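Chemist: Dropping in target.txt, which is compact mmCIF, C-alpha atoms and all ligand atoms:
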```txt
# COMPACT_ATOMS: atom_id res chain seq x y z
CA MET A 108 -15.11 25.46 8.64
CA ALA A 109 -16.39 22.60 10.84
CA GLU A 110 -19.95 22.99 12.07
CA GLN A 111 -20.25 23.96 15.73
CA LEU A 112 -21.46 21.01 17.82
CA ARG A 113 -24.71 21.94 19.56
CA PHE A 114 -26.64 20.24 22.36
CA ASP A 115 -29.93 22.15 22.18
CA GLY A 116 -32.82 20.56 24.07
CA GLN A 117 -30.56 17.99 25.73
CA VAL A 118 -29.96 17.51 29.43
CA VAL A 119 -26.44 16.91 30.69
CA VAL A 120 -25.53 15.70 34.18
CA VAL A 121 -21.98 16.38 35.30
CA THR A 122 -20.84 15.00 38.65
CA GLY A 123 -18.16 16.70 40.72
CA ALA A 124 -18.74 19.85 38.70
CA GLY A 125 -17.87 22.52 41.24
CA GLY A 126 -14.32 22.97 39.93
CA GLY A 127 -11.61 21.56 37.68
CA LEU A 128 -12.73 19.43 34.76
CA GLY A 129 -16.36 19.19 35.84
CA LYS A 130 -16.78 22.95 35.83
CA ALA A 131 -15.21 23.19 32.36
CA TYR A 132 -17.67 20.59 31.00
CA CYS A 133 -20.63 22.45 32.52
CA LEU A 134 -19.66 25.85 31.15
CA PHE A 135 -19.20 24.35 27.69
CA PHE A 136 -22.51 22.45 27.57
CA GLY A 137 -24.32 25.44 29.10
CA SER A 138 -23.01 27.59 26.26
CA ARG A 139 -24.01 25.08 23.56
CA GLY A 140 -27.74 24.91 24.28
CA ALA A 141 -27.94 22.11 26.86
CA SER A 142 -29.61 22.23 30.27
CA VAL A 143 -27.01 21.26 32.85
CA VAL A 144 -27.26 19.58 36.23
CA VAL A 145 -24.21 20.76 38.15
CA ASN A 146 -23.54 18.22 40.86
CA ASP A 147 -21.00 18.77 43.61
CA LEU A 148 -21.07 18.12 47.31
CA GLY A 149 -18.28 20.62 47.84
CA ALA A 150 -15.80 18.33 49.59
CA SER A 151 -12.04 18.71 49.88
CA PHE A 152 -9.95 16.76 47.39
CA LYS A 153 -9.62 14.07 50.08
CA GLY A 154 -13.40 13.81 50.32
CA GLU A 155 -13.80 15.72 53.59
CA GLY A 156 -16.54 18.26 54.41
CA ASN A 157 -19.28 19.62 52.18
CA SER A 158 -20.68 22.91 50.89
CA THR A 159 -23.28 24.07 48.38
CA LYS A 160 -21.05 26.89 47.19
CA ALA A 161 -18.99 24.94 44.63
CA ALA A 162 -22.01 23.94 42.53
CA ASP A 163 -23.82 27.28 43.03
CA VAL A 164 -20.92 29.29 41.62
CA VAL A 165 -20.97 27.24 38.41
CA VAL A 166 -24.76 27.40 38.06
CA ASN A 167 -24.65 31.18 38.47
CA GLU A 168 -21.94 31.48 35.85
CA ILE A 169 -23.93 29.45 33.31
CA LYS A 170 -27.09 31.43 34.01
CA ALA A 171 -25.28 34.76 33.80
CA ALA A 172 -24.14 33.77 30.31
CA GLY A 173 -27.75 33.01 29.32
CA GLY A 174 -27.64 29.23 29.82
CA LYS A 175 -29.83 26.81 31.77
CA ALA A 176 -28.50 25.05 34.86
CA VAL A 177 -29.49 23.68 38.24
CA ALA A 178 -27.38 22.64 41.20
CA ASN A 179 -27.42 19.30 42.99
CA TYR A 180 -25.45 18.78 46.20
CA ASP A 181 -25.78 15.02 46.71
CA SER A 182 -22.79 12.73 46.96
CA VAL A 183 -22.45 10.52 43.90
CA GLU A 184 -22.86 7.63 46.34
CA ASN A 185 -26.54 8.63 46.05
CA GLY A 186 -26.30 9.12 42.30
CA ASP A 187 -29.98 8.26 41.79
CA LYS A 188 -30.84 11.57 43.50
CA ILE A 189 -28.71 13.45 40.95
CA ILE A 190 -30.59 11.85 38.05
CA GLU A 191 -33.84 12.62 39.90
CA THR A 192 -32.87 16.30 39.85
CA ALA A 193 -32.42 16.15 36.06
CA ILE A 194 -35.85 14.55 35.58
CA LYS A 195 -37.60 16.85 38.06
CA GLU A 196 -36.07 20.06 36.74
CA PHE A 197 -35.69 19.35 33.03
CA GLY A 198 -37.83 16.27 32.35
CA ARG A 199 -35.09 14.14 30.79
CA ILE A 200 -31.48 12.97 30.85
CA ASP A 201 -29.40 12.57 27.69
CA ILE A 202 -25.76 12.79 28.68
CA LEU A 203 -24.04 11.63 31.87
CA ILE A 204 -20.50 12.64 32.69
CA ASN A 205 -19.16 10.72 35.67
CA ASN A 206 -16.39 13.02 36.76
CA ALA A 207 -16.52 13.34 40.58
CA GLY A 208 -13.38 12.17 42.24
CA ILE A 209 -11.17 12.29 45.30
CA LEU A 210 -7.71 11.09 46.26
CA ARG A 211 -6.51 9.22 49.35
CA ASP A 212 -2.89 8.77 48.31
CA ILE A 213 -0.80 6.72 50.67
CA SER A 214 1.85 4.02 50.29
CA PHE A 215 0.35 0.56 50.09
CA LYS A 216 2.22 -0.41 53.27
CA ASN A 217 0.30 2.23 55.21
CA MET A 218 -3.05 1.99 53.43
CA LYS A 219 -6.09 1.50 55.67
CA ASP A 220 -9.47 0.01 54.80
CA GLU A 221 -11.06 3.46 54.95
CA ASP A 222 -8.61 4.80 52.32
CA TRP A 223 -9.57 1.93 50.04
CA ASP A 224 -13.32 1.99 50.73
CA LEU A 225 -13.83 5.73 50.32
CA ILE A 226 -12.10 5.77 46.94
CA PHE A 227 -14.27 2.89 45.75
CA LYS A 228 -17.44 4.52 47.09
CA VAL A 229 -16.87 7.75 45.21
CA HIS A 230 -15.36 6.54 41.92
CA VAL A 231 -16.84 3.08 41.39
CA LYS A 232 -20.09 3.08 43.34
CA GLY A 233 -20.76 6.71 42.43
CA SER A 234 -20.41 6.04 38.69
CA TYR A 235 -22.56 2.93 39.02
CA LYS A 236 -25.34 4.76 40.91
CA THR A 237 -25.71 7.58 38.41
CA ALA A 238 -25.48 5.33 35.35
CA ARG A 239 -27.88 2.78 36.83
CA ALA A 240 -30.47 5.50 37.52
CA ALA A 241 -30.08 7.03 34.04
CA TRP A 242 -30.16 3.68 32.21
CA PRO A 243 -33.97 3.13 32.03
CA TYR A 244 -34.39 6.64 30.57
CA PHE A 245 -31.62 6.03 28.03
CA ARG A 246 -33.12 2.71 26.96
CA LYS A 247 -36.63 4.07 26.68
CA GLN A 248 -35.65 7.05 24.54
CA LYS A 249 -33.07 5.02 22.59
CA PHE A 250 -30.46 7.63 23.26
CA GLY A 251 -27.83 7.99 25.94
CA ARG A 252 -24.24 9.10 26.22
CA VAL A 253 -21.91 8.23 29.09
CA ILE A 254 -18.40 9.40 29.85
CA ASN A 255 -16.59 7.71 32.70
CA THR A 256 -13.35 9.03 34.09
CA ALA A 257 -10.31 6.81 34.50
CA SER A 258 -6.73 7.95 35.01
CA ALA A 259 -3.23 7.15 33.83
CA ALA A 260 -2.72 5.84 37.38
CA GLY A 261 -5.40 3.25 36.67
CA LEU A 262 -4.01 2.25 33.30
CA PHE A 263 -0.38 2.04 34.35
CA GLY A 264 -0.25 2.13 38.16
CA ASN A 265 1.32 4.86 40.26
CA PHE A 266 3.16 5.05 43.56
CA GLY A 267 0.88 5.77 46.51
CA GLN A 268 -2.29 5.16 44.51
CA ALA A 269 -3.14 1.45 44.82
CA ASN A 270 -6.71 2.35 45.85
CA TYR A 271 -7.20 5.01 43.17
CA SER A 272 -5.53 2.90 40.45
CA ALA A 273 -7.76 -0.09 41.14
CA ALA A 274 -10.89 2.08 41.12
CA LYS A 275 -9.87 3.92 37.96
CA LEU A 276 -9.12 0.78 35.97
CA GLY A 277 -12.52 -0.39 37.21
CA MET A 278 -13.96 2.47 35.18
CA VAL A 279 -12.53 0.86 32.04
CA GLY A 280 -14.23 -2.51 32.54
CA PHE A 281 -17.43 -0.75 33.58
CA THR A 282 -17.42 1.36 30.42
CA GLU A 283 -16.60 -1.59 28.14
CA THR A 284 -19.60 -3.49 29.48
CA LEU A 285 -21.97 -0.51 29.34
CA ALA A 286 -20.89 -0.02 25.72
CA LYS A 287 -21.79 -3.61 24.87
CA GLU A 288 -25.12 -3.59 26.72
CA GLY A 289 -26.09 -0.16 25.46
CA LEU A 290 -25.23 -0.44 21.77
CA LYS A 291 -28.64 -1.79 20.73
CA TYR A 292 -30.29 1.23 22.38
CA ASN A 293 -27.95 3.87 20.97
CA ILE A 294 -26.34 4.26 24.39
CA ILE A 295 -22.71 5.13 23.77
CA SER A 296 -20.16 4.88 26.60
CA ASN A 297 -16.52 5.88 26.57
CA VAL A 298 -13.85 6.37 29.19
CA ILE A 299 -11.18 9.06 29.40
CA ALA A 300 -7.90 9.28 31.24
CA PRO A 301 -7.58 13.07 31.44
CA ILE A 302 -4.71 15.24 32.42
CA ALA A 303 -5.42 18.78 33.51
CA ALA A 304 -4.45 21.46 35.95
CA SER A 305 -6.79 21.27 38.95
CA ARG A 306 -6.51 21.21 42.72
CA MET A 307 -5.76 17.48 42.31
CA THR A 308 -2.65 18.09 40.24
CA GLU A 309 -1.50 21.56 41.30
CA THR A 310 0.72 20.22 44.08
CA VAL A 311 2.39 17.48 42.02
CA MET A 312 3.20 19.25 38.74
CA PRO A 313 5.39 22.27 37.94
CA PRO A 314 3.55 25.56 37.14
CA ASP A 315 4.82 25.80 33.53
CA LEU A 316 3.41 22.36 32.74
CA LEU A 317 0.16 23.13 34.55
CA ALA A 318 -0.26 26.24 32.39
CA LEU A 319 -0.36 23.99 29.29
CA MET A 320 -3.01 21.71 30.74
CA LYS A 321 -6.14 23.76 31.16
CA PRO A 322 -9.25 21.68 31.97
CA GLU A 323 -10.80 23.35 28.90
CA TRP A 324 -8.49 21.29 26.67
CA VAL A 325 -10.19 18.06 27.78
CA VAL A 326 -13.66 19.31 26.86
CA PRO A 327 -13.59 19.09 23.02
CA LEU A 328 -13.00 15.32 22.97
CA VAL A 329 -15.77 14.76 25.51
CA ALA A 330 -18.10 16.91 23.38
CA VAL A 331 -17.35 14.80 20.28
CA LEU A 332 -17.93 11.52 22.12
CA VAL A 333 -21.26 12.52 23.69
CA HIS A 334 -22.68 14.29 20.64
CA LYS A 335 -25.63 12.68 18.87
CA ASN A 336 -23.53 12.32 15.71
CA ASN A 337 -21.24 9.86 17.46
CA THR A 338 -23.04 6.57 16.99
CA SER A 339 -20.08 4.23 16.66
CA GLU A 340 -17.16 5.18 18.90
CA THR A 341 -18.09 3.27 22.04
CA GLY A 342 -16.32 1.28 24.72
CA SER A 343 -13.10 3.14 23.92
CA ILE A 344 -10.36 4.49 26.15
CA PHE A 345 -8.83 7.90 25.44
CA GLU A 346 -5.93 9.80 26.93
CA VAL A 347 -6.58 13.52 26.68
CA GLY A 348 -5.00 16.73 27.90
CA GLY A 349 -3.07 19.82 26.86
CA GLY A 350 -4.35 19.56 23.28
CA HIS A 351 -3.33 15.92 22.85
CA VAL A 352 -5.90 13.18 22.19
CA ALA A 353 -5.05 9.51 21.74
CA LYS A 354 -6.92 6.24 21.82
CA LEU A 355 -5.65 3.26 23.78
CA ARG A 356 -6.50 -0.40 23.23
CA TRP A 357 -5.63 -3.83 24.49
CA GLU A 358 -2.82 -5.67 22.78
CA ARG A 359 -2.13 -9.40 23.05
CA SER A 360 0.98 -11.22 21.92
CA SER A 361 0.28 -13.92 19.36
CA GLY A 362 1.22 -16.25 22.20
CA LEU A 363 2.03 -19.85 22.66
CA LEU A 364 -0.19 -22.90 22.42
CA LEU A 365 1.10 -26.07 24.01
CA LYS A 366 -0.54 -29.45 24.05
CA ALA A 367 -2.67 -29.56 27.23
CA ASP A 368 -1.42 -32.90 28.53
CA GLU A 369 1.23 -34.01 31.01
CA SER A 370 3.92 -32.26 28.92
CA TYR A 371 2.28 -28.91 29.76
CA THR A 372 4.53 -28.00 32.68
CA PRO A 373 6.04 -24.76 34.08
CA GLY A 374 9.28 -25.80 32.42
CA ALA A 375 7.58 -26.05 29.02
CA ILE A 376 6.37 -22.45 29.39
CA ILE A 377 9.78 -21.19 30.50
CA LYS A 378 11.32 -22.80 27.43
CA LYS A 379 9.05 -20.77 25.16
CA TRP A 380 8.84 -17.59 27.25
CA ASP A 381 10.03 -15.44 24.33
CA GLN A 382 6.99 -16.55 22.39
CA VAL A 383 4.60 -15.68 25.24
CA THR A 384 5.95 -12.13 25.35
CA ASP A 385 6.58 -11.58 21.63
CA PHE A 386 4.51 -8.64 20.40
CA SER A 387 5.89 -8.66 16.85
CA ASN A 388 2.62 -10.07 15.51
CA PRO A 389 0.07 -8.66 17.96
CA GLN A 390 -3.68 -9.13 18.22
CA TYR A 391 -6.16 -6.51 19.43
CA PRO A 392 -8.90 -8.31 21.34
CA THR A 393 -12.18 -6.52 22.03
CA GLY A 394 -14.19 -9.17 23.86
CA PRO A 395 -14.02 -12.39 25.86
CA ASN A 396 -15.07 -14.38 22.79
CA ASP A 397 -11.88 -13.35 20.98
CA PHE A 398 -9.93 -15.66 23.23
CA LEU A 399 -12.23 -18.60 22.59
CA ALA A 400 -12.07 -17.96 18.84
CA LEU A 401 -8.31 -17.84 19.09
CA LEU A 402 -8.22 -21.18 20.88
CA GLU A 403 -10.47 -22.76 18.28
CA GLU A 404 -8.28 -21.39 15.50
CA SER A 405 -5.11 -22.59 17.21
CA LEU A 406 -6.59 -26.02 17.83
CA LYS A 407 -7.26 -26.34 14.12
CA LEU A 408 -3.64 -25.50 13.36
CA GLY A 409 -2.33 -27.80 16.06
CA PRO A 410 -0.19 -26.81 19.04
CA ASN A 411 3.32 -25.38 18.83
CA ASP A 412 6.13 -27.91 19.12
CA PRO A 413 6.87 -28.53 22.81
P1 LIG B 1 -11.26 18.38 41.28
O1 LIG B 1 -10.89 18.03 42.69
O2 LIG B 1 -11.11 19.79 40.86
O3 LIG B 1 -12.74 17.93 40.95
C1 LIG B 1 -13.39 16.84 41.54
C2 LIG B 1 -14.72 17.32 42.07
O4 LIG B 1 -15.46 16.19 42.55
C3 LIG B 1 -14.60 18.30 43.23
O5 LIG B 1 -15.27 19.51 42.91
C4 LIG B 1 -15.25 17.57 44.40
O6 LIG B 1 -15.96 18.43 45.29
C5 LIG B 1 -16.18 16.63 43.69
N1 LIG B 1 -16.53 15.46 44.51
C6 LIG B 1 -15.71 14.73 45.30
N2 LIG B 1 -16.39 13.75 45.90
C7 LIG B 1 -17.67 13.87 45.48
C8 LIG B 1 -18.86 13.14 45.76
N3 LIG B 1 -18.85 12.09 46.61
N4 LIG B 1 -20.00 13.52 45.16
C9 LIG B 1 -20.03 14.58 44.33
N5 LIG B 1 -18.94 15.32 44.03
C10 LIG B 1 -17.77 14.96 44.61
O7 LIG B 1 -10.37 17.42 40.36
P2 LIG B 1 -10.30 17.23 38.76
O8 LIG B 1 -8.85 17.16 38.44
O9 LIG B 1 -11.16 18.17 38.03
O10 LIG B 1 -10.84 15.72 38.63
C11 LIG B 1 -11.98 15.36 37.90
C12 LIG B 1 -11.90 13.87 37.59
O11 LIG B 1 -10.79 13.61 36.73
C13 LIG B 1 -11.70 12.98 38.81
O12 LIG B 1 -12.44 11.79 38.64
C14 LIG B 1 -10.22 12.67 38.77
O13 LIG B 1 -9.92 11.47 39.46
C15 LIG B 1 -9.99 12.57 37.29
N6 LIG B 1 -8.60 12.78 36.87
C16 LIG B 1 -8.05 14.02 36.86
C17 LIG B 1 -6.74 14.17 36.42
C18 LIG B 1 -6.10 15.51 36.34
O14 LIG B 1 -4.98 15.60 35.77
N7 LIG B 1 -6.72 16.55 36.83
C19 LIG B 1 -5.99 13.05 36.03
C20 LIG B 1 -6.58 11.80 36.04
C21 LIG B 1 -7.90 11.67 36.45
```
I need this file expressed as structure tokens, please.

Modeler:
Amino acid sequence: MAEQLRFDGQVVVVTGAGGGLGKAYCLFFGSRGASVVVNDLGASFKGEGNSTKAADVVVNEIKAAGGKAVANYDSVENGDKIIETAIKEFGRIDILINNAGILRDISFKNMKDEDWDLIFKVHVKGSYKTARAAWPYFRKQKFGRVINTASAAGLFGNFGQANYSAAKLGMVGFTETLAKEGLKYNIISNVIAPIAASRMTETVMPPDLLALMKPEWVVPLVAVLVHKNNTSETGSIFEVGGGHVAKLRWERSSGLLLKADESYTPGAIIKKWDQVTDFSNPQYPTGPNDFLALLEESLKLGPNDP
């Protein structure tokens, strides 16, 4: 039987943890030996209002089960204050789960600056603020684990979610860079596109499907990725929900190289369009240097016939 993953002596910060996925993470880590900072400002799913109740309920549940937890009610826009709570109450920070989120769905035609800005403040700035505040601690102790939260809407686009999609794909680039900068210090960062029944999804999915997608089914993957035994899976994107876990990656067609002279015209590209979009011999780039290496390699071989 597989050994139970434990998090004894570690401190986990979960943002937006008053319900849905965040609550499920907190209950899990609280039951596996970690001290948990339960952050939630108690807003509506559109980001309106605030209340201490959401976080308090989760803290009480963890404590009642014999675990250690403290509430924090700051907005992730002030993420440094959330990390401060971890340091003040528990003296360290080991694992950061950037989970807080809101929606401001509206067709792009009708989108206003405030719909765009609020989404970016919560998802992008919020994840930056917490990670930035945790980073010096992670580097110093040569240990840190970060989970950022993307969405299928970010990876593929979705009607009415131009703001949310842009912010959520932002989480991917953010994670990929944190993974690169953190590797030397054993700071591991991954990003998930979850799917789960929560107040965010309960109005857009049928009840029988929702019943299969408990937030609890997203937790095991997150636990594996943030555990101290994971020292190599970093900068990766996962889709997870309802018992299904899959990794996604970038794919590039083998492409077309034309001589970069006056013959390199729009018409020359159109003529070879099939080659630009041919994925029969794909590459899987993982960094900006891959493209430069590819160019060097192609230059050695010489360009394709125009
Ligand atoms: P949820 O609404 O139940 O949870 C989000 C929590 O974030 C709420 O408790 C809310 O109060 C809190 N929050 C909102 N703004 C905050 C702020 N400024 N500071 C602190 N807390 C704040 O929704 P959920 O489905 O559990 O979503 C969790 C995360 O997963 C979100 O980032 C969401 O975008 C993402 N996500 C969820 C799904 C899904 O299927 N449920 C799909 C894709 C992505």

Chemist: From the set A:Leu363, A:Lys379, A:Arg246, A:Thr122, which residue has the shortest atom-to-atom contact distance to Gly149 in chain A, counting all atoms listed in the file?

Modeler: A:Thr122

Chemist: Which protein, DNA or RNA residues have an atom within 7 Å of ligand LIG 1 (chain B), counting all atoms listed in the file, as a ChimeraX atom specification?

Modeler: /A:122-129,146-152,154,161,181-184,206-209,229-230,256-259,300-308

Chemist: Could you please take those selected residues and save C-alpha atoms as a compact mmCIF listing (two decimals), keeping the file's coordinate frame?

Modeler:
```txt
# COMPACT_ATOMS: atom_id res chain seq x y z
CA THR A 122 -20.84 15.00 38.65
CA GLY A 123 -18.16 16.70 40.72
CA ALA A 124 -18.74 19.85 38.70
CA GLY A 125 -17.87 22.52 41.24
CA GLY A 126 -14.32 22.97 39.93
CA GLY A 127 -11.61 21.56 37.68
CA LEU A 128 -12.73 19.43 34.76
CA GLY A 129 -16.36 19.19 35.84
CA ASN A 146 -23.54 18.22 40.86
CA ASP A 147 -21.00 18.77 43.61
CA LEU A 148 -21.07 18.12 47.31
CA GLY A 149 -18.28 20.62 47.84
CA ALA A 150 -15.80 18.33 49.59
CA SER A 151 -12.04 18.71 49.88
CA PHE A 152 -9.95 16.76 47.39
CA GLY A 154 -13.40 13.81 50.32
CA ALA A 161 -18.99 24.94 44.63
CA ASP A 181 -25.78 15.02 46.71
CA SER A 182 -22.79 12.73 46.96
CA VAL A 183 -22.45 10.52 43.90
CA GLU A 184 -22.86 7.63 46.34
CA ASN A 206 -16.39 13.02 36.76
CA ALA A 207 -16.52 13.34 40.58
CA GLY A 208 -13.38 12.17 42.24
CA ILE A 209 -11.17 12.29 45.30
CA VAL A 229 -16.87 7.75 45.21
CA HIS A 230 -15.36 6.54 41.92
CA THR A 256 -13.35 9.03 34.09
CA ALA A 257 -10.31 6.81 34.50
CA SER A 258 -6.73 7.95 35.01
CA ALA A 259 -3.23 7.15 33.83
CA ALA A 300 -7.90 9.28 31.24
CA PRO A 301 -7.58 13.07 31.44
CA ILE A 302 -4.71 15.24 32.42
CA ALA A 303 -5.42 18.78 33.51
CA ALA A 304 -4.45 21.46 35.95
CA SER A 305 -6.79 21.27 38.95
CA ARG A 306 -6.51 21.21 42.72
CA MET A 307 -5.76 17.48 42.31
CA THR A 308 -2.65 18.09 40.24
```

Chemist: Determine the nearest neighbour of Leu290 in chain A from the options A:Val383, A:Ala178, A:Ala269, A:Val253, counting all atoms listed in the file.

Modeler: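 Counting all atoms listed in the file, the residue closest to Leu290 in chain A is A:Val253.
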
Chemist: Between CA of Gly342 in chain A and CA of Tyr244 in chain A, measure the distance and give it in Å to one decimal.

Modeler: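 Taking CA of Gly342 in chain A as the start and CA of Tyr244 in chain A as the end point, the length is 19.7 Å.
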
Chemist: Please list as a PyMOL selection string every residue within 7 Å of Val177 in chain A, counting only C-alpha atoms and excluding residues in the same chain fewer than 2 positions away.

Modeler: chain A and resi 143-145+166+179

Chemist: Please indicate the distance in Å from CA of Asp397 in chain A to CA of Gly277 in chain A, rounded to one decimal place.

Modeler: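 Between these atoms lies a distance of 20.8 Å.
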
Chemist: Calculated over all atoms listed in the file, which of the candidates A:Lys188, A:Val164, A:His334, A:Asn265 has the smallest distance to Cys133 in chain A?

Modeler: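 Ranked by minimum distance to Cys133 in chain A, first place goes to A:Val164.
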
Chemist: Report the distance between CA of His351 in chain A and CA of Pro327 in chain A in Å, rounded to one decimal place.

Modeler: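 Computing it gives 10.7 Å between the two atoms.
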
Chemist: May I have the residues at most 12 Å from (-31.9, 4.5, 32.0) in the file's coordinates, counting only C-alpha atoms, as a PyMOL selection string?

Modeler: chain A and resi 187+190-191+194+199-203+235-253+285+288-289+292-294

Chemist: Would you list the contacts of Trp223 in chain A as a list in words, taking every protein, DNA or RNA residue within 8 Å and counting all atoms listed in the file, but skipping same-chain residues closer than 6 positions in sequence?

Modeler: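 After dropping sequence-adjacent residues, the list is Arg211, Asn270 and Tyr271 of chain A.
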
Chemist: Pick out the residues sitting within 10 Å of Gln268 in chain A, and hand them over as a PyMOL selection string; count all atoms listed in the file, and ignore anything fewer than 5 positions along from it in its own chain.

Modeler: chain A and resi 210-215+218+223+260-261+273-274

Chemist: Rank A:Val279, A:Ala131, A:Ile204, A:Val121 by their smallest atom-to-atom distance to Leu355 in chain A, using all atoms listed in the file, and report the top residue only.

Modeler: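 So, comparing all the options, the nearest one is A:Val279.
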